[in-house]
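Okay, structure_18.cif is below, mmCIF, C-alpha atoms:
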```cif
data_query
loop_
_atom_site.label_atom_id
_atom_site.label_comp_id
_atom_site.auth_asym_id
_atom_site.auth_seq_id
_atom_site.Cartn_x
_atom_site.Cartn_y
_atom_site.Cartn_z
CA MET A 1 -11.86 -19.92 16.03
CA ARG A 2 -14.28 -17.12 16.85
CA SER A 3 -12.08 -14.56 15.08
CA MET A 4 -12.10 -16.63 11.87
CA GLU A 5 -15.88 -16.86 11.91
CA ILE A 6 -16.13 -13.09 12.35
CA ASP A 7 -13.79 -12.57 9.39
CA ARG A 8 -15.87 -14.88 7.19
CA ARG A 9 -19.17 -13.25 8.17
CA ARG A 10 -17.74 -9.81 7.56
CA PHE A 11 -16.44 -10.86 4.15
CA LEU A 12 -19.73 -12.43 3.10
CA GLY A 13 -21.64 -9.36 4.22
CA TRP A 14 -19.26 -7.11 2.33
CA ALA A 15 -19.49 -9.25 -0.83
CA ALA A 16 -23.29 -9.36 -0.76
CA GLY A 17 -24.05 -5.81 0.21
CA VAL A 18 -21.15 -3.54 -0.64
CA ALA A 19 -18.61 -4.62 -3.21
CA LEU A 20 -20.40 -6.00 -6.20
CA PRO A 21 -23.55 -3.93 -6.83
CA GLY A 22 -21.75 -0.60 -6.69
CA LEU A 23 -18.86 -1.43 -9.01
CA ALA A 24 -20.31 -2.19 -12.40
CA GLY A 25 -17.84 0.23 -13.98
CA PRO A 26 -14.52 1.92 -13.23
CA VAL A 27 -14.37 4.49 -10.49
CA SER A 28 -11.72 6.56 -12.19
CA ALA A 29 -10.82 4.85 -15.46
CA SER A 30 -9.73 6.48 -18.68
CA PRO A 31 -12.35 5.95 -21.43
CA GLY A 32 -11.14 3.56 -24.07
CA SER A 33 -7.95 2.72 -22.21
CA ALA A 34 -6.11 -0.27 -23.68
CA VAL A 35 -4.67 -3.20 -21.79
CA ALA A 36 -1.43 -2.81 -23.79
CA VAL A 37 -0.67 0.49 -22.02
CA SER A 38 1.64 0.07 -19.01
CA ARG A 39 -0.50 -0.25 -15.93
CA TYR A 40 0.24 -1.02 -12.34
CA LEU A 41 -1.67 -2.48 -9.42
CA ALA A 42 -1.31 -1.87 -5.72
CA ALA A 43 -3.32 -2.27 -2.54
CA ARG A 44 -3.71 0.66 -0.16
CA ARG A 45 -5.49 2.13 2.81
CA ARG A 46 -6.87 5.56 2.05
CA ALA A 47 -8.86 7.64 4.55
CA GLY A 48 -9.56 4.48 6.53
CA VAL A 49 -10.82 2.48 3.53
CA TYR A 50 -9.03 -0.49 1.94
CA GLU A 51 -8.76 -0.53 -1.86
CA ALA A 52 -7.07 -2.15 -4.83
CA VAL A 53 -6.10 0.44 -7.41
CA VAL A 54 -5.08 0.32 -11.07
CA LEU A 55 -2.61 3.09 -11.91
CA ASP A 56 -0.92 4.36 -15.04
CA ALA A 57 2.85 4.76 -15.35
CA ASP A 58 2.58 8.30 -13.97
CA GLY A 59 0.95 7.07 -10.77
CA ARG A 60 -2.56 8.30 -11.56
CA ASP A 61 -5.57 6.28 -10.45
CA ARG A 62 -7.32 4.58 -13.36
CA ARG A 63 -9.60 2.26 -11.43
CA VAL A 64 -10.35 1.77 -7.74
CA VAL A 65 -11.86 -1.44 -6.36
CA PRO A 66 -12.94 -1.47 -2.68
CA LEU A 67 -11.63 -4.33 -0.53
CA PRO A 68 -13.17 -5.65 2.69
CA ASP A 69 -9.86 -5.64 4.56
CA ARG A 70 -6.16 -5.06 4.05
CA GLY A 71 -4.90 -6.27 0.68
CA HIS A 72 -1.50 -7.68 -0.18
CA SER A 73 -0.59 -8.71 -3.73
CA PHE A 74 -2.16 -9.90 -6.99
CA ALA A 75 -2.39 -12.61 -9.60
CA LEU A 76 -2.15 -10.93 -13.02
CA ASP A 77 -3.56 -11.93 -16.41
CA PRO A 78 -2.23 -9.19 -18.72
CA ALA A 79 -3.46 -10.75 -21.97
CA ARG A 80 -7.06 -10.50 -20.81
CA GLY A 81 -6.71 -7.47 -18.54
CA ARG A 82 -7.67 -9.33 -15.35
CA ALA A 83 -6.36 -9.50 -11.82
CA VAL A 84 -7.11 -11.08 -8.48
CA ALA A 85 -6.39 -9.11 -5.31
CA PHE A 86 -5.63 -11.23 -2.24
CA GLY A 87 -6.15 -10.37 1.39
CA ARG A 88 -3.12 -10.11 3.60
CA GLN A 89 -2.12 -13.24 5.56
CA PRO A 90 -4.18 -14.79 7.00
CA GLY A 91 -6.48 -13.74 4.17
CA PHE A 92 -9.92 -15.27 3.89
CA TYR A 93 -10.95 -13.24 0.85
CA ALA A 94 -9.84 -12.47 -2.69
CA VAL A 95 -11.45 -10.26 -5.37
CA ALA A 96 -11.23 -10.93 -9.12
CA PHE A 97 -11.75 -7.93 -11.40
CA ASP A 98 -11.15 -6.49 -14.86
CA VAL A 99 -8.64 -3.66 -14.88
CA ASP A 100 -10.82 -1.65 -17.30
CA GLY A 101 -14.03 -2.19 -15.34
CA ALA A 102 -15.85 -4.11 -18.08
CA ARG A 103 -17.51 -6.41 -15.55
CA PRO A 104 -18.30 -6.14 -11.85
CA PRO A 105 -15.67 -7.54 -9.47
CA GLN A 106 -16.18 -11.06 -8.21
CA ALA A 107 -15.77 -11.86 -4.53
CA MET A 108 -13.90 -15.06 -3.69
CA GLN A 109 -13.80 -16.77 -0.31
CA ALA A 110 -11.02 -19.07 0.86
CA ALA A 111 -11.96 -22.74 0.98
CA ALA A 112 -12.89 -24.27 4.32
CA GLY A 113 -9.78 -24.91 6.41
CA ARG A 114 -7.64 -22.75 4.13
CA HIS A 115 -6.51 -19.15 4.00
CA PHE A 116 -4.63 -17.18 1.37
CA PHE A 117 -1.02 -16.09 1.85
CA GLY A 118 -1.51 -13.07 -0.43
CA HIS A 119 0.00 -14.15 -3.78
CA GLY A 120 -1.08 -15.95 -6.93
CA VAL A 121 -0.40 -16.42 -10.63
CA TYR A 122 -2.34 -17.15 -13.84
CA LEU A 123 -1.35 -19.52 -16.62
CA PRO A 124 -0.55 -17.64 -19.86
CA ASP A 125 -3.72 -18.89 -21.57
CA GLY A 126 -5.84 -17.64 -18.67
CA ARG A 127 -7.54 -20.99 -18.02
CA LEU A 128 -6.25 -21.51 -14.49
CA MET A 129 -5.19 -19.36 -11.59
CA TYR A 130 -3.07 -20.59 -8.67
CA ALA A 131 -2.93 -19.20 -5.14
CA THR A 132 -0.62 -19.96 -2.23
CA GLU A 133 -2.67 -21.17 0.73
CA ASN A 134 -2.39 -22.61 4.22
CA ASP A 135 -4.00 -25.91 5.20
CA TYR A 136 -3.77 -24.67 8.75
CA GLU A 137 -5.20 -27.63 10.65
CA ALA A 138 -2.80 -30.04 8.95
CA GLY A 139 0.10 -27.57 9.09
CA ARG A 140 1.00 -27.83 5.42
CA GLY A 141 1.26 -25.48 2.49
CA VAL A 142 -0.91 -25.95 -0.57
CA VAL A 143 -1.41 -24.32 -3.94
CA GLY A 144 -5.10 -23.78 -4.67
CA VAL A 145 -6.19 -24.27 -8.29
CA TYR A 146 -8.98 -22.08 -9.72
CA ASP A 147 -10.95 -22.29 -12.96
CA ALA A 148 -10.39 -18.91 -14.60
CA SER A 149 -11.69 -19.93 -18.03
CA PRO A 150 -14.72 -18.16 -19.57
CA GLY A 151 -17.64 -19.18 -17.39
CA GLY A 152 -15.36 -20.72 -14.78
CA GLY A 153 -16.02 -17.97 -12.29
CA HIS A 154 -12.67 -18.46 -10.54
CA ARG A 155 -14.17 -21.54 -8.90
CA ARG A 156 -11.72 -23.58 -6.83
CA VAL A 157 -11.26 -26.94 -8.55
CA GLY A 158 -8.44 -28.50 -6.55
CA GLU A 159 -5.15 -28.10 -4.78
CA PHE A 160 -1.73 -29.69 -4.53
CA ASP A 161 1.07 -29.68 -2.00
CA SER A 162 3.35 -26.64 -2.16
CA GLY A 163 6.44 -28.66 -1.24
CA GLY A 164 6.81 -27.08 2.18
CA ILE A 165 5.26 -25.05 4.99
CA GLY A 166 4.14 -21.44 4.66
CA PRO A 167 4.14 -20.91 0.87
CA HIS A 168 4.24 -17.19 0.16
CA GLU A 169 4.99 -15.92 -3.35
CA VAL A 170 4.58 -18.09 -6.44
CA VAL A 171 5.87 -17.28 -9.93
CA LEU A 172 5.50 -18.97 -13.31
CA LEU A 173 8.72 -19.72 -15.19
CA ALA A 174 9.23 -18.74 -18.81
CA ASP A 175 8.20 -22.21 -20.03
CA GLY A 176 4.63 -21.35 -19.03
CA LYS A 177 4.14 -24.63 -17.16
CA THR A 178 6.48 -24.64 -14.16
CA LEU A 179 5.60 -22.94 -10.89
CA CYS A 180 8.24 -21.85 -8.41
CA VAL A 181 6.97 -21.51 -4.85
CA ALA A 182 8.78 -19.74 -2.00
CA ASN A 183 8.02 -21.89 1.03
CA GLY A 184 8.88 -19.64 3.93
CA GLY A 185 9.01 -22.55 6.36
CA ILE A 186 7.02 -20.75 9.07
CA LEU A 187 4.10 -22.63 10.60
CA THR A 188 1.14 -20.41 11.45
CA HIS A 189 -2.51 -20.84 12.40
CA PRO A 190 -5.12 -18.08 12.03
CA ASP A 191 -6.28 -18.61 15.63
CA TYR A 192 -2.91 -17.10 16.57
CA GLY A 193 -2.65 -14.45 13.86
CA LYS A 194 0.87 -14.41 12.36
CA LEU A 195 2.56 -15.93 15.42
CA GLU A 196 5.39 -18.23 14.35
CA LEU A 197 4.87 -21.69 15.83
CA ASN A 198 7.97 -23.58 14.67
CA LEU A 199 11.01 -21.30 14.68
CA ASP A 200 13.27 -24.08 15.92
CA THR A 201 12.31 -26.50 13.15
CA MET A 202 11.86 -24.26 10.11
CA ARG A 203 12.85 -25.64 6.70
CA PRO A 204 12.43 -22.90 4.09
CA SER A 205 12.66 -24.01 0.48
CA LEU A 206 12.12 -23.26 -3.17
CA ALA A 207 9.83 -25.82 -4.79
CA TYR A 208 9.39 -26.22 -8.55
CA LEU A 209 6.04 -27.77 -9.43
CA ASP A 210 4.44 -28.95 -12.65
CA ALA A 211 1.42 -26.67 -13.04
CA THR A 212 -0.61 -29.39 -14.78
CA ASP A 213 -0.61 -31.90 -11.93
CA GLY A 214 1.35 -30.40 -9.03
CA ARG A 215 4.19 -32.89 -9.41
CA LEU A 216 7.31 -31.83 -7.49
CA LEU A 217 10.08 -31.32 -10.04
CA GLU A 218 12.80 -29.94 -7.80
CA ARG A 219 13.12 -28.75 -4.23
CA VAL A 220 16.06 -26.88 -2.78
CA GLU A 221 16.76 -25.80 0.79
CA LEU A 222 19.26 -23.40 2.29
CA PRO A 223 22.11 -24.80 4.41
CA ALA A 224 21.06 -26.15 7.81
CA ASP A 225 22.65 -23.24 9.68
CA LEU A 226 20.31 -20.89 7.77
CA HIS A 227 17.11 -22.79 8.57
CA GLN A 228 15.59 -19.63 10.10
CA LEU A 229 16.08 -17.63 6.89
CA SER A 230 12.50 -17.59 5.60
CA ILE A 231 12.29 -17.40 1.78
CA ARG A 232 9.36 -15.12 0.97
CA HIS A 233 9.47 -13.20 -2.31
CA LEU A 234 10.53 -13.99 -5.87
CA ALA A 235 11.39 -12.41 -9.22
CA LEU A 236 12.64 -13.79 -12.53
CA ALA A 237 15.77 -12.44 -14.20
CA ALA A 238 16.24 -12.29 -17.97
CA ASP A 239 18.28 -15.51 -17.95
CA GLY A 240 15.48 -17.41 -16.17
CA ALA A 241 17.15 -17.47 -12.76
CA VAL A 242 14.87 -17.09 -9.75
CA TRP A 243 15.89 -14.31 -7.37
CA PHE A 244 14.55 -14.49 -3.85
CA GLY A 245 14.32 -12.28 -0.79
CA CYS A 246 14.29 -13.50 2.80
CA GLN A 247 13.32 -12.52 6.32
CA HIS A 248 15.63 -13.74 9.08
CA MET A 249 13.65 -15.16 12.00
CA GLY A 250 16.67 -15.88 14.20
CA PRO A 251 18.44 -13.66 16.74
CA ALA A 252 18.40 -9.98 15.80
CA GLY A 253 22.17 -9.74 16.22
CA GLU A 254 22.78 -12.21 13.38
CA ARG A 255 23.25 -10.80 9.88
CA PRO A 256 22.83 -13.52 7.25
CA ALA A 257 22.61 -12.59 3.57
CA LEU A 258 18.97 -11.92 2.68
CA VAL A 259 19.06 -12.01 -1.12
CA GLY A 260 19.70 -15.03 -3.29
CA ARG A 261 19.56 -16.53 -6.75
CA HIS A 262 18.73 -20.03 -7.88
CA ARG A 263 19.23 -21.76 -11.20
CA ARG A 264 17.57 -25.12 -11.77
CA GLY A 265 19.79 -28.05 -10.87
CA ARG A 266 22.24 -25.98 -8.82
CA ALA A 267 22.64 -24.94 -5.21
CA PRO A 268 21.20 -21.54 -4.19
CA GLU A 269 23.60 -18.59 -4.18
CA LEU A 270 23.33 -15.89 -1.51
CA TYR A 271 24.45 -12.27 -1.84
CA ALA A 272 25.14 -10.07 1.16
CA GLY A 273 26.54 -6.95 -0.50
CA PRO A 274 28.64 -4.47 1.48
CA GLY A 275 28.38 -4.73 5.26
CA GLU A 276 26.60 -1.40 5.67
CA VAL A 277 24.03 -2.41 3.04
CA LEU A 278 23.29 -5.71 4.77
CA ARG A 279 22.99 -4.05 8.17
CA GLY A 280 20.62 -1.47 6.70
CA LEU A 281 18.16 -4.15 5.57
CA ARG A 282 17.64 -5.09 9.23
CA ASN A 283 17.08 -8.76 8.48
CA TYR A 284 14.01 -8.09 6.31
CA VAL A 285 13.32 -8.08 2.58
CA GLY A 286 9.70 -7.24 1.79
CA SER A 287 9.56 -7.33 -2.01
CA VAL A 288 11.66 -8.40 -5.01
CA ALA A 289 11.33 -7.22 -8.63
CA ALA A 290 13.31 -7.32 -11.87
CA ASP A 291 13.49 -4.27 -14.11
CA ALA A 292 12.01 -4.37 -17.62
CA SER A 293 15.26 -5.78 -19.05
CA GLY A 294 15.57 -8.46 -16.37
CA ALA A 295 19.17 -7.34 -15.80
CA VAL A 296 18.69 -5.46 -12.52
CA ILE A 297 16.98 -6.81 -9.40
CA ALA A 298 15.50 -4.55 -6.73
CA THR A 299 14.97 -5.74 -3.15
CA SER A 300 13.12 -3.54 -0.67
CA SER A 301 13.14 -3.37 3.11
CA PRO A 302 10.36 -1.34 4.73
CA VAL A 303 11.96 -2.04 8.11
CA GLY A 304 15.28 -0.65 6.93
CA GLY A 305 13.71 2.06 4.77
CA ARG A 306 15.72 1.29 1.65
CA ILE A 307 15.78 -0.36 -1.76
CA VAL A 308 18.91 -2.26 -2.79
CA TYR A 309 19.80 -3.04 -6.43
CA TRP A 310 21.67 -6.07 -7.73
CA ASP A 311 23.30 -7.04 -11.02
CA ALA A 312 21.28 -10.10 -12.09
CA VAL A 313 24.30 -11.70 -13.79
CA ALA A 314 27.19 -10.88 -11.45
CA GLY A 315 25.27 -10.67 -8.18
CA LYS A 316 27.01 -7.39 -7.41
CA CYS A 317 25.29 -4.72 -5.34
CA LEU A 318 24.62 -1.72 -7.60
CA GLY A 319 23.50 0.79 -5.00
CA VAL A 320 20.86 1.82 -2.51
CA THR A 321 17.91 4.23 -2.51
CA ALA A 322 16.56 5.47 0.82
CA LEU A 323 12.76 5.23 1.04
CA PRO A 324 11.27 5.23 4.56
CA ASP A 325 8.80 2.34 4.97
CA GLY A 326 9.32 1.59 1.28
CA CYS A 327 8.30 -1.88 0.17
CA GLY A 328 6.34 -1.98 -3.11
CA VAL A 329 8.62 -2.13 -6.15
CA ALA A 330 7.83 -2.80 -9.81
CA PRO A 331 9.66 -2.43 -13.15
CA GLY A 332 9.41 1.07 -14.61
CA PRO A 333 8.00 1.53 -18.11
CA ALA A 334 11.36 2.67 -19.52
CA GLY A 335 13.98 1.30 -17.16
CA GLY A 336 14.45 1.64 -13.44
CA PHE A 337 11.63 0.96 -11.02
CA LEU A 338 8.51 2.45 -9.51
CA ALA A 339 8.31 2.16 -5.73
CA SER A 340 5.73 2.85 -3.03
CA SER A 341 5.76 3.21 0.74
CA GLY A 342 3.53 2.79 3.74
CA LEU A 343 3.87 6.53 4.29
CA GLY A 344 2.05 7.31 1.04
CA ASP A 345 5.04 7.96 -1.21
CA MET A 346 5.19 6.76 -4.83
CA VAL A 347 8.43 7.42 -6.66
CA ARG A 348 10.62 6.55 -9.64
CA VAL A 349 13.90 5.02 -8.52
CA ALA A 350 17.02 3.58 -10.14
CA PRO A 351 20.61 2.79 -9.15
CA GLY A 352 22.61 5.99 -8.80
CA ALA A 353 19.60 8.31 -9.20
CA ASP A 354 17.65 10.36 -6.69
CA PRO A 355 14.00 9.34 -6.19
CA ALA A 356 11.51 11.34 -8.29
CA ALA A 357 7.97 11.68 -6.99
CA LEU A 358 5.22 10.22 -9.21
CA ARG A 359 2.34 11.77 -7.27
CA PRO A 360 1.94 14.01 -4.23
CA THR A 361 2.11 12.27 -0.87
CA GLU A 362 -1.36 12.21 0.71
CA ALA A 363 -2.16 12.35 4.39
CA GLY A 364 -3.99 9.18 5.45
CA LEU A 365 -2.68 7.17 2.47
CA ALA A 366 -0.63 3.99 3.02
CA TRP A 367 0.46 1.75 0.16
CA ASP A 368 0.68 -1.92 1.04
CA ASN A 369 3.70 -4.15 0.51
CA HIS A 370 3.49 -4.91 -3.21
CA PHE A 371 3.45 -2.94 -6.44
CA ARG A 372 2.85 -4.93 -9.63
CA ARG A 373 3.15 -4.09 -13.31
CA LEU A 374 0.45 -5.60 -15.53
#
```
So, in terms of structure tokens, how does the structure I just supplied come out?
Amino acid sequence: MRSMEIDRRRFLGWAAGVALPGLAGPVSASPGSAVAVSRYLAARRRAGVYEAVVLDADGRDRRVVPLPDRGHSFALDPARGRAVAFGRQPGFYAVAFDVDGARPPQAMQAAAGRHFFGHGVYLPDGRLMYATENDYEAGRGVVGVYDASPGGGHRRVGEFDSGGIGPHEVVLLADGKTLCVANGGILTHPDYGKLELNLDTMRPSLAYLDATDGRLLERVELPADLHQLSIRHLALAADGAVWFGCQHMGPAGERPALVGRHRRGRAPELYAGPGEVLRGLRNYVGSVAADASGAVIATSSPVGGRIVYWDAVAGKCLGVTALPDGCGVAPGPAGGFLASSGLGDMVRVAPGADPAALRPTEAGLAWDNHFRRL
């Protein structure tokens, strides 16, 4: 419990004395830049400092927002040019900010007895923002609901059950009112860091929730013999199917398929790809993204140092790009993907093409796990 109190005190001190007063405007923004231009967001550690950064499609910094600790992913509101950066699990902080620097960032603290899992999503009209959270004393996953309307201040106004334990990524379906939550099934408590407390009884699932009231619309689990295949990350294909990436928490010698697809009302489908591709993922998928067309899915493995591509209709493996410690992946502005690594690389990638550097690799720069297109 002492470590949690230290984290909270450090966050409150950072919010009061560091983050907000010094960031009334962009650190490195282009004057008059428009929200309609393709922009990307990522978290990083640079020269020992944690930051959220807004980039253009060429990988150039357009705005830098300091963070009090390691960041993870974002909730995005492209229509209004807003984002929320979440701390990495167990995250006790989040920071809401405008991508063009029109207003100072707003520090957000996790509710008492909760921590963030690092992901969130806005409703299309911008009124509400949802974040995956851990009710760690009760051992249940929740989705926190935040008032993101004008004057709402991203104030937490409620929560509902996530439909499982350890909710990680959440996405909004094309209907604009249905949330899909990846419940990883792993029980954790911040007193023990990220130690898994229930590997023998895991029940990972995908839960579809009504965003208006949290009502559970559908819940699907993997077969019982795959109960240690933690569902973590999500992306939507053009046909509305949810693609998911997993981390296998069972014996290292096992090689279950790590990538899957789900269509409402059906059983999940899993795709292993060629044997050498599956082995190369080393039981870990760290990020999932669809390209701009929604026809190609990219799944990254920083542990395996590779990005694997899939045909979103046929489920066929389309190829592999080697990227050491590569995890962040986002749709490119004109096809393909942009990808980032913990070794400071940022590249353009696509099936059958060699990686092309977007920016020089910097010593002391580490991109975190996720790379998002606004």
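Taking atom CA of Val157 of chain A as the reference point, atom CA of Ser230 of chain A is found at 29.2 Å.
When the PyMOL selection byres ((chain A and resi 318) around 10) is evaluated against the file, it yields Gly273, Val296, Ile297, Ala298, Val308, Tyr309, Trp310, Asp311, Gly315, Lys316, Cys317, Gly319, Val320, Ala350, Pro351 and Gly352 of chain A.
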Using only C-alpha atoms, please write the residues we just selected to a file, as a PDB file, in the coordinates of the input.
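Once everything was written out, this is out-v8.pdb:
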```pdb
ATOM      1  CA  GLY A 273      26.540  -6.950  -0.500  1.00  0.00           C
ATOM      2  CA  VAL A 296      18.690  -5.460 -12.520  1.00  0.00           C
ATOM      3  CA  ILE A 297      16.980  -6.810  -9.400  1.00  0.00           C
ATOM      4  CA  ALA A 298      15.500  -4.550  -6.730  1.00  0.00           C
ATOM      5  CA  VAL A 308      18.910  -2.260  -2.790  1.00  0.00           C
ATOM      6  CA  TYR A 309      19.800  -3.040  -6.430  1.00  0.00           C
ATOM      7  CA  TRP A 310      21.670  -6.070  -7.730  1.00  0.00           C
ATOM      8  CA  ASP A 311      23.300  -7.040 -11.020  1.00  0.00           C
ATOM      9  CA  GLY A 315      25.270 -10.670  -8.180  1.00  0.00           C
ATOM     10  CA  LYS A 316      27.010  -7.390  -7.410  1.00  0.00           C
ATOM     11  CA  CYS A 317      25.290  -4.720  -5.340  1.00  0.00           C
ATOM     12  CA  GLY A 319      23.500   0.790  -5.000  1.00  0.00           C
ATOM     13  CA  VAL A 320      20.860   1.820  -2.510  1.00  0.00           C
ATOM     14  CA  ALA A 350      17.020   3.580 -10.140  1.00  0.00           C
ATOM     15  CA  PRO A 351      20.610   2.790  -9.150  1.00  0.00           C
ATOM     16  CA  GLY A 352      22.610   5.990  -8.800  1.00  0.00           C
TER      17      GLY A 352
END
```
Using all atoms listed in the file - which residues lie no farther than 12 Å from the point (-6.5, 7.8, 1.7) in the file's frame? Write them as number ranges by chain. A: 43-53, 64, 342-345, 361-367
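In this structure, atom CA of Pro274 of chain A sits 24.4 Å away from atom CA of Glu221 of chain A.
Nearest to Ala238 of chain A of all the residues A:Ser293, A:Ala272, A:Ala334, A:Arg203 is A:Ser293, based on all atoms listed in the file.
Listed by chain and then by number, the residues chosen by the PyMOL selection byres ((chain A and resi 262) around 6) in this file are Ala241, Val242, Arg261, Arg263 and Pro268 of chain A.
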Residues as selected, C-alpha atoms, written as an mmCIF file, in the frame of the given file, can you do that?
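As a result, out-v3.cif now contains:
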```cif
data_model
loop_
_atom_site.group_PDB
_atom_site.id
_atom_site.type_symbol
_atom_site.label_atom_id
_atom_site.label_comp_id
_atom_site.auth_asym_id
_atom_site.auth_seq_id
_atom_site.Cartn_x
_atom_site.Cartn_y
_atom_site.Cartn_z
ATOM 1 C CA ALA A 241 17.150 -17.470 -12.760
ATOM 2 C CA VAL A 242 14.870 -17.090 -9.750
ATOM 3 C CA ARG A 261 19.560 -16.530 -6.750
ATOM 4 C CA ARG A 263 19.230 -21.760 -11.200
ATOM 5 C CA PRO A 268 21.200 -21.540 -4.190
#
```
Could you list the residues chosen by the PyMOL selection byres ((chain A and resi 160) around 7) in this structure as a VMD selection string? chain A and resid 142 to 144 159 161 to 162 214
Counting all atoms listed in the file, the option among A:Arg264, A:His72, A:Arg127, A:Arg60 closest to Ser38 of chain A: A:Arg60
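Across the structure, atom CA of Gln89 of chain A and atom CA of Leu199 of chain A are spaced 17.9 Å apart.
Distances to Ala148 of chain A were evaluated for A:Lys194, A:Lys177, A:Arg80, A:Arg266 using only C-alpha atoms, and the minimum falls at A:Arg80.
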Counting only C-alpha atoms, which residues have an atom no more than 12 Å from (7.7, -20.6, 4.1) in the file's coordinates? Please list them as an NGL selection string. :A and (117 or 132-134 or 139-142 or 162-170 or 181-188 or 196 or 198-199 or 201-207 or 221 or 227-233 or 245-249)
Which residues of segment 142-253 of chain A come within 10 Å of segment 90-96 of chain A, and what is each one's closest atom pair and distance in Å (one decimal), counting only C-alpha atoms, sorted by chain and residue number, as a tab-separated table?
```
residue	atom	partner	partner_atom	distance
A:Ala148	CA	A:Ala96	CA	9.7
A:Gly153	CA	A:Ala96	CA	9.1
A:His154	CA	A:Ala96	CA	7.8
A:Thr188	CA	A:Pro90	CA	8.9
A:His189	CA	A:Pro90	CA	8.3
A:Pro190	CA	A:Pro90	CA	6.1
A:Asp191	CA	A:Pro90	CA	9.7
A:Tyr192	CA	A:Pro90	CA	9.9
A:Gly193	CA	A:Pro90	CA	7.0
A:Lys194	CA	A:Pro90	CA	7.4
```
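Distances here use all atoms listed in the file; by that measure, the residue among A:Asp69, A:Gly275, A:Val121, A:Asp100 closest to Val84 of chain A is A:Val121.
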